[in-house]
>>> print(open('structure_5.pdb').read())   # PDB, C-alpha atoms and all ligand atoms
ATOM      1  CA  MET A1079      26.805 -36.397  49.142
ATOM      2  CA  GLU A1080      23.619 -37.257  51.029
ATOM      3  CA  ILE A1081      20.663 -35.376  49.622
ATOM      4  CA  LYS A1082      17.239 -35.669  51.194
ATOM      5  CA  VAL A1083      14.106 -34.834  49.225
ATOM      6  CA  ILE A1084      11.059 -33.979  51.310
ATOM      7  CA  GLU A1085       7.532 -32.941  50.415
ATOM      8  CA  GLU A1086       6.498 -29.533  51.719
ATOM      9  CA  THR A1087       3.296 -27.528  51.474
ATOM     10  CA  VAL A1088       2.869 -24.506  49.225
ATOM     11  CA  LYS A1089       3.632 -22.370  52.293
ATOM     12  CA  ALA A1090       7.275 -23.214  51.675
ATOM     13  CA  LEU A1091       7.313 -21.523  48.277
ATOM     14  CA  LYS A1092       8.896 -18.346  49.615
ATOM     15  CA  ASP A1093      11.927 -20.300  50.842
ATOM     16  CA  TYR A1094      11.782 -22.520  47.764
ATOM     17  CA  GLY A1095      12.224 -19.418  45.604
ATOM     18  CA  ARG A1096      15.434 -18.462  47.404
ATOM     19  CA  VAL A1097      17.228 -21.089  45.327
ATOM     20  CA  SER A1098      18.091 -19.386  42.070
ATOM     21  CA  ILE A1099      16.602 -20.733  38.856
ATOM     22  CA  ALA A1100      18.882 -18.520  36.755
ATOM     23  CA  PHE A1101      21.231 -20.043  34.214
ATOM     24  CA  ARG A1102      23.662 -18.797  31.611
ATOM     25  CA  VAL A1103      22.576 -19.019  27.993
ATOM     26  CA  GLU A1104      25.616 -19.872  25.901
ATOM     27  CA  THR A1105      23.934 -21.869  23.167
ATOM     28  CA  ARG A1106      20.396 -22.327  21.909
ATOM     29  CA  PHE A1107      18.529 -24.673  19.618
ATOM     30  CA  ARG A1108      17.714 -22.983  16.327
ATOM     31  CA  VAL A1109      14.590 -24.480  14.770
ATOM     32  CA  ASP A1110      15.178 -25.120  11.074
ATOM     33  CA  GLU A1111      12.125 -25.924   9.008
ATOM     34  CA  ILE A1112      12.345 -27.968   5.874
ATOM     35  CA  ASP A1113       9.892 -27.125   3.075
ATOM     36  CA  ASN A1114       7.841 -24.816   5.371
ATOM     37  CA  GLY A1115       7.637 -27.643   7.898
ATOM     38  CA  LEU A1116       6.230 -30.208   5.474
ATOM     39  CA  GLY A1117       9.651 -31.863   5.448
ATOM     40  CA  GLY A1118       9.940 -31.631   9.246
ATOM     41  CA  PHE A1119      11.880 -29.541  11.741
ATOM     42  CA  ARG A1120      15.440 -29.878  12.890
ATOM     43  CA  LEU A1121      16.902 -28.469  16.115
ATOM     44  CA  VAL A1122      20.435 -27.228  15.562
ATOM     45  CA  GLU A1123      22.522 -26.123  18.552
ATOM     46  CA  GLU A1124      24.275 -22.817  17.918
ATOM     47  CA  ARG A1125      26.306 -20.386  20.014
ATOM     48  CA  VAL A1126      24.682 -17.253  21.416
ATOM     49  CA  HIS A1127      26.632 -13.981  21.134
ATOM     50  CA  PRO A1128      26.990 -12.584  23.681
ATOM     51  CA  PRO A1129      25.984 -15.156  26.297
ATOM     52  CA  TYR A1130      23.503 -13.871  28.874
ATOM     53  CA  VAL A1131      21.787 -14.880  32.102
ATOM     54  CA  LYS A1132      18.148 -15.964  31.977
ATOM     55  CA  ASP A1133      16.138 -15.841  35.201
ATOM     56  CA  TYR A1134      12.539 -17.034  34.884
ATOM     57  CA  ASP A1135      11.703 -15.565  38.305
ATOM     58  CA  CYS A1136      12.353 -12.081  36.901
ATOM     59  CA  ASP A1137       9.711 -12.418  34.172
ATOM     60  CA  LYS A1138       6.538 -10.408  34.837
ATOM     61  CA  GLY A1139       4.126 -12.285  37.138
ATOM     62  CA  GLU A1140       6.513 -15.216  37.469
ATOM     63  CA  GLY A1141       8.234 -16.687  40.513
ATOM     64  CA  PRO A1142       7.086 -19.135  43.198
ATOM     65  CA  THR A1143       5.399 -16.538  45.433
ATOM     66  CA  ARG A1144       3.285 -15.201  42.546
ATOM     67  CA  TRP A1145       1.800 -18.451  41.213
ATOM     68  CA  ARG A1146      -1.051 -18.346  43.700
ATOM     69  CA  ASN A1147      -2.163 -14.968  42.330
ATOM     70  CA  GLN A1148      -3.157 -16.729  39.141
ATOM     71  CA  TRP A1149      -4.151 -20.264  40.089
ATOM     72  CA  ASN A1150      -5.414 -22.334  42.975
ATOM     73  CA  ILE A1151      -2.179 -24.104  43.828
ATOM     74  CA  ASP A1152      -3.368 -25.787  47.014
ATOM     75  CA  HIS A1153      -3.003 -29.247  45.498
ATOM     76  CA  TRP A1154       0.347 -28.749  43.893
ATOM     77  CA  GLY A1155       3.294 -30.829  45.038
ATOM     78  CA  VAL A1156       6.359 -29.077  46.435
ATOM     79  CA  LEU A1157       9.410 -31.324  46.632
ATOM     80  CA  SER A1158      12.484 -29.855  48.222
ATOM     81  CA  ALA A1159      16.056 -31.108  48.265
ATOM     82  CA  PHE A1160      18.285 -30.548  51.286
ATOM     83  CA  TYR A1161      21.963 -31.117  51.906
ATOM     84  CA  GLY A1162      21.965 -31.183  55.683
ATOM     85  CA  ASN A1163      19.961 -28.080  56.628
ATOM     86  CA  HIS A1164      20.855 -26.349  53.397
ATOM     87  CA  ARG A1165      18.098 -26.041  50.768
ATOM     88  CA  VAL A1166      19.749 -26.963  47.480
ATOM     89  CA  GLY A1167      16.860 -27.389  45.068
ATOM     90  CA  GLY A1168      13.255 -28.217  44.456
ATOM     91  CA  ALA A1169      10.558 -29.271  42.049
ATOM     92  CA  VAL A1170       6.890 -28.295  41.867
ATOM     93  CA  VAL A1171       4.251 -30.479  40.248
ATOM     94  CA  ALA A1172       0.935 -29.046  39.078
ATOM     95  CA  TYR A1173      -2.101 -31.251  38.717
ATOM     96  CA  ASP A1174      -5.901 -31.071  38.494
ATOM     97  CA  THR A1175      -6.040 -27.272  38.464
ATOM     98  CA  LYS A1176      -8.542 -25.134  36.600
ATOM     99  CA  ASN A1177      -7.241 -22.732  33.944
ATOM    100  CA  VAL A1178      -3.778 -24.219  33.697
ATOM    101  CA  PHE A1179      -3.441 -24.513  29.933
ATOM    102  CA  MET A1180      -0.707 -27.158  30.187
ATOM    103  CA  LEU A1181      -3.033 -29.513  32.078
ATOM    104  CA  GLU A1182      -5.618 -29.575  29.267
ATOM    105  CA  GLY A1183      -8.499 -29.939  31.759
ATOM    106  CA  ARG A1184      -7.405 -33.532  32.379
ATOM    107  CA  LYS A1185      -7.117 -35.218  35.754
ATOM    108  CA  ASP A1186      -4.633 -37.841  34.597
ATOM    109  CA  LEU A1187      -1.958 -35.422  33.435
ATOM    110  CA  ALA A1188       0.598 -33.675  35.636
ATOM    111  CA  ALA A1189       3.050 -30.945  34.719
ATOM    112  CA  LEU A1190       6.477 -30.387  36.162
ATOM    113  CA  TRP A1191       5.855 -26.720  36.825
ATOM    114  CA  ASP A1192       9.281 -25.841  38.109
ATOM    115  CA  ILE A1193      12.587 -27.510  38.811
ATOM    116  CA  ARG A1194      15.683 -25.775  40.104
ATOM    117  CA  VAL A1195      18.987 -26.739  41.673
ATOM    118  CA  HIS A1196      21.267 -24.259  43.415
ATOM    119  CA  PRO A1197      23.988 -23.258  40.904
ATOM    120  CA  ASP A1198      26.775 -24.645  43.161
ATOM    121  CA  PHE A1199      25.032 -28.020  43.307
ATOM    122  CA  ARG A1200      24.131 -28.561  39.650
ATOM    123  CA  GLY A1201      25.475 -31.587  37.799
ATOM    124  CA  LYS A1202      25.557 -33.763  40.926
ATOM    125  CA  GLY A1203      22.421 -35.809  40.377
ATOM    126  CA  ILE A1204      20.040 -33.668  42.475
ATOM    127  CA  GLY A1205      17.885 -32.674  39.510
ATOM    128  CA  ALA A1206      17.515 -36.327  38.497
ATOM    129  CA  LYS A1207      16.422 -37.203  42.029
ATOM    130  CA  LEU A1208      13.857 -34.386  42.084
ATOM    131  CA  PHE A1209      12.553 -35.337  38.658
ATOM    132  CA  GLN A1210      11.996 -38.943  39.755
ATOM    133  CA  ARG A1211      10.227 -37.813  42.930
ATOM    134  CA  ALA A1212       8.009 -35.544  40.843
ATOM    135  CA  VAL A1213       7.090 -38.446  38.545
ATOM    136  CA  ASP A1214       6.350 -40.646  41.575
ATOM    137  CA  TRP A1215       4.191 -37.879  43.058
ATOM    138  CA  ALA A1216       2.170 -37.711  39.823
ATOM    139  CA  LYS A1217       1.882 -41.509  39.578
ATOM    140  CA  SER A1218       0.526 -41.709  43.117
ATOM    141  CA  ARG A1219      -2.299 -39.403  41.950
ATOM    142  CA  ASN A1220      -3.135 -41.759  39.080
ATOM    143  CA  CYS A1221      -1.614 -39.573  36.384
ATOM    144  CA  ARG A1222      -0.762 -41.353  33.142
ATOM    145  CA  ASP A1223       1.051 -38.527  31.444
ATOM    146  CA  PHE A1224       3.691 -36.065  32.544
ATOM    147  CA  LYS A1225       4.658 -32.849  30.773
ATOM    148  CA  VAL A1226       7.211 -30.123  31.135
ATOM    149  CA  GLU A1227       7.701 -26.855  29.307
ATOM    150  CA  THR A1228      11.024 -25.341  28.470
ATOM    151  CA  GLN A1229      12.540 -23.192  25.755
ATOM    152  CA  ASN A1230      15.094 -23.527  22.996
ATOM    153  CA  ILE A1231      17.401 -21.213  24.967
ATOM    154  CA  ASN A1232      17.573 -23.717  27.842
ATOM    155  CA  VAL A1233      19.756 -26.331  26.223
ATOM    156  CA  PRO A1234      20.900 -27.877  29.555
ATOM    157  CA  ALA A1235      17.265 -28.426  30.605
ATOM    158  CA  CYS A1236      16.417 -29.960  27.196
ATOM    159  CA  ARG A1237      19.305 -32.403  27.529
ATOM    160  CA  PHE A1238      18.295 -33.123  31.105
ATOM    161  CA  TYR A1239      14.666 -33.930  30.149
ATOM    162  CA  ALA A1240      15.762 -36.037  27.182
ATOM    163  CA  LYS A1241      18.055 -38.023  29.510
ATOM    164  CA  ARG A1242      15.156 -38.589  31.897
ATOM    165  CA  GLY A1243      13.255 -40.283  29.053
ATOM    166  CA  CYS A1244      11.026 -37.417  27.937
ATOM    167  CA  LYS A1245      10.135 -37.058  24.274
ATOM    168  CA  LEU A1246       9.789 -33.741  22.521
ATOM    169  CA  GLY A1247       6.037 -33.455  22.046
ATOM    170  CA  ALA A1248       5.581 -29.938  20.715
ATOM    171  CA  ILE A1249       7.522 -27.054  19.255
ATOM    172  CA  ASN A1250       5.692 -23.724  19.354
ATOM    173  CA  ARG A1251       7.563 -20.865  17.737
ATOM    174  CA  TYR A1252       4.792 -18.381  18.495
ATOM    175  CA  ALA A1253       4.144 -19.046  22.195
ATOM    176  CA  TYR A1254       5.866 -16.042  23.758
ATOM    177  CA  PRO A1255       4.878 -12.614  22.426
ATOM    178  CA  ASN A1256       7.075 -11.033  25.125
ATOM    179  CA  HIS A1257      10.091 -13.168  24.225
ATOM    180  CA  ILE A1258       9.916 -13.476  20.481
ATOM    181  CA  ASN A1259      13.426 -14.947  20.280
ATOM    182  CA  GLU A1260      12.364 -17.938  22.406
ATOM    183  CA  VAL A1261      10.693 -21.116  21.180
ATOM    184  CA  GLN A1262       8.480 -23.172  23.471
ATOM    185  CA  LEU A1263       9.402 -26.845  23.731
ATOM    186  CA  ILE A1264       7.038 -29.262  25.473
ATOM    187  CA  TRP A1265       8.573 -32.492  26.720
ATOM    188  CA  CYS A1266       6.280 -35.439  27.423
ATOM    189  CA  MET A1267       6.487 -38.748  29.175
ATOM    190  CA  SER A1268       4.034 -41.562  29.599
ATOM    191  CA  ILE A1269       3.993 -42.678  33.250
ATOM    192  CA  GLY A1270       0.826 -44.813  33.311
TER     193      GLY A1270
HETATM  194  C1  LIG B   1      18.095 -28.449  34.794
HETATM  195  C2  LIG B   1      18.555 -28.739  36.227
HETATM  196  C3  LIG B   1      17.340 -28.788  37.144
HETATM  197  C4  LIG B   1      19.229 -30.128  36.233
HETATM  198  O1  LIG B   1      19.595 -30.440  37.559
HETATM  199  P1  LIG B   1      21.042 -31.019  37.894
HETATM  200  O2  LIG B   1      21.077 -31.386  39.324
HETATM  201  O3  LIG B   1      22.066 -30.062  37.417
HETATM  202  O4  LIG B   1      21.063 -32.311  36.963
HETATM  203  P2  LIG B   1      21.693 -33.739  37.327
HETATM  204  O5  LIG B   1      23.036 -33.545  37.925
HETATM  205  O6  LIG B   1      20.705 -34.516  38.113
HETATM  206  O7  LIG B   1      21.829 -34.352  35.884
HETATM  207  C5  LIG B   1      21.065 -35.442  35.463
HETATM  208  C6  LIG B   1      21.458 -35.818  34.066
HETATM  209  O8  LIG B   1      21.194 -34.738  33.170
HETATM  210  C7  LIG B   1      22.388 -34.387  32.481
HETATM  211  N1  LIG B   1      22.576 -32.945  32.481
HETATM  212  C8  LIG B   1      22.343 -32.088  33.501
HETATM  213  N2  LIG B   1      22.739 -30.846  33.160
HETATM  214  C9  LIG B   1      23.252 -30.955  31.911
HETATM  215  C10 LIG B   1      23.882 -30.046  31.028
HETATM  216  N3  LIG B   1      24.100 -28.776  31.388
HETATM  217  N4  LIG B   1      24.267 -30.481  29.808
HETATM  218  C11 LIG B   1      24.128 -31.783  29.462
HETATM  219  N5  LIG B   1      23.574 -32.703  30.266
HETATM  220  C12 LIG B   1      23.146 -32.292  31.470
HETATM  221  C13 LIG B   1      23.522 -34.971  33.291
HETATM  222  O9  LIG B   1      24.604 -35.335  32.437
HETATM  223  C14 LIG B   1      22.939 -36.150  33.975
HETATM  224  O10 LIG B   1      23.068 -37.289  33.178
HETATM  225  P3  LIG B   1      23.195 -38.761  33.868
HETATM  226  O11 LIG B   1      21.851 -39.012  34.518
HETATM  227  O12 LIG B   1      23.478 -39.659  32.716
HETATM  228  O13 LIG B   1      24.316 -38.639  34.862
HETATM  229  C15 LIG B   1      19.578 -27.710  36.748
HETATM  230  O14 LIG B   1      20.646 -27.646  35.857
HETATM  231  C16 LIG B   1      19.019 -26.315  36.980
HETATM  232  O15 LIG B   1      18.610 -25.965  38.087
HETATM  233  N6  LIG B   1      19.031 -25.456  35.937
HETATM  234  C17 LIG B   1      18.563 -24.083  36.057
HETATM  235  C18 LIG B   1      17.080 -24.025  36.258
HETATM  236  C19 LIG B   1      16.328 -24.563  35.064
HETATM  237  O16 LIG B   1      16.707 -24.343  33.929
HETATM  238  N7  LIG B   1      15.212 -25.265  35.351
HETATM  239  C20 LIG B   1      14.409 -25.850  34.317
HETATM  240  C21 LIG B   1      13.484 -24.860  33.754
HETATM  241  S1  LIG B   1      12.554 -25.544  32.391
END
>>> encode(input="structure_5.pdb", output="structure tokens")
Amino acid sequence: MEIKVIEETVKALKDYGRVSIAFRVETRFRVDEIDNGLGGFRLVEERVHPPYVKDYDCDKGEGPTRWRNQWNIDHWGVLSAFYGNHRVGGAVVAYDTKNVFMLEGRKDLAALWDIRVHPDFRGKGIGAKLFQRAVDWAKSRNCRDFKVETQNINVPACRFYAKRGCKLGAINRYAYPNHINEVQLIWCMSIG
């Protein structure tokens, strides 16, 4: 299957958002602490009853067309995957942007802000291609570090990032007051 990845401007975000980011949550990583954390943490995959669909775009204020309400996204990278004329996925990289907590005020750190592959096209290597293009985009802007946020309820994404060479850098069990059953996981990669 020939997939082309092209860079677009942020004007394409409306079309970008037409590819669903939703996924089915069937398992999650439970975070077990040993000796109140002094003995470490262990992530244990467990089934979720009943399974449900998570769609980040449905969270308040979220979704590709709303990002610009909160941040200046003019310098963000939009990478879009096409199968022929059919948009099948995309990745957005954030970098050098004021008030983006993830970016820590640094100019040599980029964050994979979003990655999504059309549900019918998942598991075919498109995500891996987008991820690599996102890393290359960050490298070409002299970034040395690359970060991505996900949650314990997105087991497929965690496995995907681990396979791409990311290391689990942070576990925050208190990051989401509106989703208290979700744990924030920050994956990191050195690209310098
Ligand atoms: C996560 C996502 C972008 C991955 O894209 P994809 O095109 O399905 O992934 P690929 O086919 O490129 O897979 C790349 C590798 O990750 C692994 N992987 C992908 N999905 C996986 C899954 N569900 N479980 C285990 N491994 C998985 C593949 O085995 C593959 O390994 P390989 O490189 O050794 O062949 C895609 O599944 C998606 O759009 N999910 C919903 C949106 C989402 O959760 N975005 C991330 C928000 S943080």
>>> closest_residue(input="structure_5.pdb", among="A:Gly1118, A:Gly1270, A:Gly1095, A:Gly1247", to="ligand LIG 1 (chain B)", atoms="only C-alpha atoms and all ligand atoms")
A:Gly1095
>>> resolve_selection(input="structure_5.pdb", expression="the PyMOL selection byres (((chain A and resi 1205) around 9) and not hetatm)", output="VMD selection string")
chain A and resid 1167 to 1169 1193 to 1195 1200 to 1204 1206 to 1210 1238
>>> resolve_selection(input="structure_5.pdb", expression="the PyMOL selection byres (((chain A and resi 1120-1133) around 12) and not hetatm)", output="PyMOL selection string")
chain A and resi 1095+1097-1119+1134-1138+1140-1141+1194+1229-1234+1236-1237+1246+1249+1257+1259-1261+1263
>>> residues_around(input="structure_5.pdb", residues="Asp1186 (chain A)", least_positions_apart="4", cutoff="12 Å", atoms="only C-alpha atoms", output="ChimeraX atom specification")
/A:1172-1175,1181-1182,1216-1225,1268-1270
>>> closest_residue(input="structure_5.pdb", among="A:Asn1147, A:Thr1228, A:Asn1177, A:Gln1262", to="ligand LIG 1 (chain B)", atoms="all atoms listed in the file")
A:Thr1228
>>> closest_residue(input="structure_5.pdb", among="A:Trp1154, A:Trp1191, A:Tyr1239, A:Phe1199", to="Phe1179 (chain A)", atoms="all atoms listed in the file")
A:Trp1191
>>> atom_distance(input="structure_5.pdb", atom1="CA of Arg1242 (chain A)", atom2="atom O16 of ligand LIG 1 (chain B)")
14.5 Å
>>> atom_distance(input="structure_5.pdb", atom1="atom C6 of ligand LIG 1 (chain B)", atom2="CA of Arg1096 (chain A)")
22.7 Å
>>> resolve_selection(input="structure_5.pdb", expression="the PyMOL selection byres (((chain A and resi 1080-1094) around 7) and not hetatm)", output="list in words")
Met1079, Gly1095, Arg1096, Val1097, Pro1142, Thr1143, Asp1152, Val1156, Leu1157, Ser1158, Ala1159, Phe1160, Tyr1161 and Gly1168 of chain A
>>> closest_residue(input="structure_5.pdb", among="A:Asp1192, A:Cys1266, A:Gly1183, A:Asn1163", to="Trp1145 (chain A)", atoms="only C-alpha atoms")
A:Asp1192
>>> build_atoms(input="structure_5.pdb", residues="region 1091-1123 of chain A", atoms="N, CA and C atoms", output="PDB file, keeping the file's coordinate frame")
ATOM      1  N   LEU A1091       6.857 -22.041  49.578  1.00  0.00           N
ATOM      2  CA  LEU A1091       7.313 -21.523  48.277  1.00  0.00           C
ATOM      3  C   LEU A1091       8.210 -20.285  48.371  1.00  0.00           C
ATOM      4  N   LYS A1092       8.035 -19.520  49.459  1.00  0.00           N
ATOM      5  CA  LYS A1092       8.896 -18.346  49.615  1.00  0.00           C
ATOM      6  C   LYS A1092      10.365 -18.797  49.773  1.00  0.00           C
ATOM      7  N   ASP A1093      10.564 -19.769  50.640  1.00  0.00           N
ATOM      8  CA  ASP A1093      11.927 -20.300  50.842  1.00  0.00           C
ATOM      9  C   ASP A1093      12.392 -21.053  49.594  1.00  0.00           C
ATOM     10  N   TYR A1094      11.480 -21.775  48.993  1.00  0.00           N
ATOM     11  CA  TYR A1094      11.782 -22.520  47.764  1.00  0.00           C
ATOM     12  C   TYR A1094      12.402 -21.571  46.724  1.00  0.00           C
ATOM     13  N   GLY A1095      11.789 -20.389  46.615  1.00  0.00           N
ATOM     14  CA  GLY A1095      12.224 -19.418  45.604  1.00  0.00           C
ATOM     15  C   GLY A1095      13.566 -18.764  45.908  1.00  0.00           C
ATOM     16  N   ARG A1096      14.108 -19.040  47.084  1.00  0.00           N
ATOM     17  CA  ARG A1096      15.434 -18.462  47.404  1.00  0.00           C
ATOM     18  C   ARG A1096      16.547 -19.194  46.664  1.00  0.00           C
ATOM     19  N   VAL A1097      16.250 -20.389  46.176  1.00  0.00           N
ATOM     20  CA  VAL A1097      17.228 -21.089  45.327  1.00  0.00           C
ATOM     21  C   VAL A1097      17.086 -20.517  43.917  1.00  0.00           C
ATOM     22  N   SER A1098      18.166 -20.043  43.378  1.00  0.00           N
ATOM     23  CA  SER A1098      18.091 -19.386  42.070  1.00  0.00           C
ATOM     24  C   SER A1098      17.772 -20.372  40.951  1.00  0.00           C
ATOM     25  N   ILE A1099      16.911 -19.924  40.049  1.00  0.00           N
ATOM     26  CA  ILE A1099      16.602 -20.733  38.856  1.00  0.00           C
ATOM     27  C   ILE A1099      17.393 -20.215  37.649  1.00  0.00           C
ATOM     28  N   ALA A1100      18.171 -19.167  37.879  1.00  0.00           N
ATOM     29  CA  ALA A1100      18.882 -18.520  36.755  1.00  0.00           C
ATOM     30  C   ALA A1100      19.947 -19.438  36.163  1.00  0.00           C
ATOM     31  N   PHE A1101      20.168 -19.272  34.895  1.00  0.00           N
ATOM     32  CA  PHE A1101      21.231 -20.043  34.214  1.00  0.00           C
ATOM     33  C   PHE A1101      21.800 -19.192  33.084  1.00  0.00           C
ATOM     34  N   ARG A1102      22.980 -19.563  32.641  1.00  0.00           N
ATOM     35  CA  ARG A1102      23.662 -18.797  31.611  1.00  0.00           C
ATOM     36  C   ARG A1102      23.345 -19.388  30.238  1.00  0.00           C
ATOM     37  N   VAL A1103      22.910 -18.539  29.346  1.00  0.00           N
ATOM     38  CA  VAL A1103      22.576 -19.019  27.993  1.00  0.00           C
ATOM     39  C   VAL A1103      23.806 -18.831  27.102  1.00  0.00           C
ATOM     40  N   GLU A1104      24.431 -19.938  26.767  1.00  0.00           N
ATOM     41  CA  GLU A1104      25.616 -19.872  25.901  1.00  0.00           C
ATOM     42  C   GLU A1104      25.323 -20.415  24.514  1.00  0.00           C
ATOM     43  N   THR A1105      24.358 -21.338  24.470  1.00  0.00           N
ATOM     44  CA  THR A1105      23.934 -21.869  23.167  1.00  0.00           C
ATOM     45  C   THR A1105      22.410 -21.939  23.173  1.00  0.00           C
ATOM     46  N   ARG A1106      21.852 -22.125  22.010  1.00  0.00           N
ATOM     47  CA  ARG A1106      20.396 -22.327  21.909  1.00  0.00           C
ATOM     48  C   ARG A1106      20.126 -23.295  20.751  1.00  0.00           C
ATOM     49  N   PHE A1107      18.929 -23.847  20.752  1.00  0.00           N
ATOM     50  CA  PHE A1107      18.529 -24.673  19.618  1.00  0.00           C
ATOM     51  C   PHE A1107      17.797 -23.801  18.600  1.00  0.00           C
ATOM     52  N   ARG A1108      18.409 -23.669  17.427  1.00  0.00           N
ATOM     53  CA  ARG A1108      17.714 -22.983  16.327  1.00  0.00           C
ATOM     54  C   ARG A1108      16.761 -24.000  15.704  1.00  0.00           C
ATOM     55  N   VAL A1109      15.547 -23.553  15.385  1.00  0.00           N
ATOM     56  CA  VAL A1109      14.590 -24.480  14.770  1.00  0.00           C
ATOM     57  C   VAL A1109      14.626 -24.240  13.260  1.00  0.00           C
ATOM     58  N   ASP A1110      15.153 -25.218  12.535  1.00  0.00           N
ATOM     59  CA  ASP A1110      15.178 -25.120  11.074  1.00  0.00           C
ATOM     60  C   ASP A1110      13.979 -25.867  10.514  1.00  0.00           C
ATOM     61  N   GLU A1111      13.248 -25.216   9.628  1.00  0.00           N
ATOM     62  CA  GLU A1111      12.125 -25.924   9.008  1.00  0.00           C
ATOM     63  C   GLU A1111      12.520 -26.324   7.594  1.00  0.00           C
ATOM     64  N   ILE A1112      12.050 -27.470   7.213  1.00  0.00           N
ATOM     65  CA  ILE A1112      12.345 -27.968   5.874  1.00  0.00           C
ATOM     66  C   ILE A1112      11.043 -27.908   5.076  1.00  0.00           C
ATOM     67  N   ASP A1113      11.084 -27.242   3.925  1.00  0.00           N
ATOM     68  CA  ASP A1113       9.892 -27.125   3.075  1.00  0.00           C
ATOM     69  C   ASP A1113       8.695 -26.598   3.881  1.00  0.00           C
ATOM     70  N   ASN A1114       8.886 -25.431   4.534  1.00  0.00           N
ATOM     71  CA  ASN A1114       7.841 -24.816   5.371  1.00  0.00           C
ATOM     72  C   ASN A1114       7.285 -25.741   6.448  1.00  0.00           C
ATOM     73  N   GLY A1115       8.079 -26.715   6.856  1.00  0.00           N
ATOM     74  CA  GLY A1115       7.637 -27.643   7.898  1.00  0.00           C
ATOM     75  C   GLY A1115       7.108 -28.957   7.336  1.00  0.00           C
ATOM     76  N   LEU A1116       6.768 -28.957   6.055  1.00  0.00           N
ATOM     77  CA  LEU A1116       6.230 -30.208   5.474  1.00  0.00           C
ATOM     78  C   LEU A1116       7.287 -31.308   5.484  1.00  0.00           C
ATOM     79  N   GLY A1117       8.554 -30.879   5.415  1.00  0.00           N
ATOM     80  CA  GLY A1117       9.651 -31.863   5.448  1.00  0.00           C
ATOM     81  C   GLY A1117      10.188 -32.057   6.858  1.00  0.00           C
ATOM     82  N   GLY A1118       9.519 -31.450   7.852  1.00  0.00           N
ATOM     83  CA  GLY A1118       9.940 -31.631   9.246  1.00  0.00           C
ATOM     84  C   GLY A1118      10.713 -30.444   9.795  1.00  0.00           C
ATOM     85  N   PHE A1119      11.102 -30.563  11.052  1.00  0.00           N
ATOM     86  CA  PHE A1119      11.880 -29.541  11.741  1.00  0.00           C
ATOM     87  C   PHE A1119      13.155 -30.176  12.265  1.00  0.00           C
ATOM     88  N   ARG A1120      14.189 -29.372  12.315  1.00  0.00           N
ATOM     89  CA  ARG A1120      15.440 -29.878  12.890  1.00  0.00           C
ATOM     90  C   ARG A1120      15.933 -28.874  13.915  1.00  0.00           C
ATOM     91  N   LEU A1121      16.354 -29.360  15.097  1.00  0.00           N
ATOM     92  CA  LEU A1121      16.902 -28.469  16.115  1.00  0.00           C
ATOM     93  C   LEU A1121      18.420 -28.493  15.996  1.00  0.00           C
ATOM     94  N   VAL A1122      18.982 -27.320  15.773  1.00  0.00           N
ATOM     95  CA  VAL A1122      20.435 -27.228  15.562  1.00  0.00           C
ATOM     96  C   VAL A1122      21.015 -26.358  16.675  1.00  0.00           C
ATOM     97  N   GLU A1123      21.932 -26.905  17.454  1.00  0.00           N
ATOM     98  CA  GLU A1123      22.522 -26.123  18.552  1.00  0.00           C
ATOM     99  C   GLU A1123      23.511 -25.113  17.986  1.00  0.00           C
TER     100      GLU A1123
END
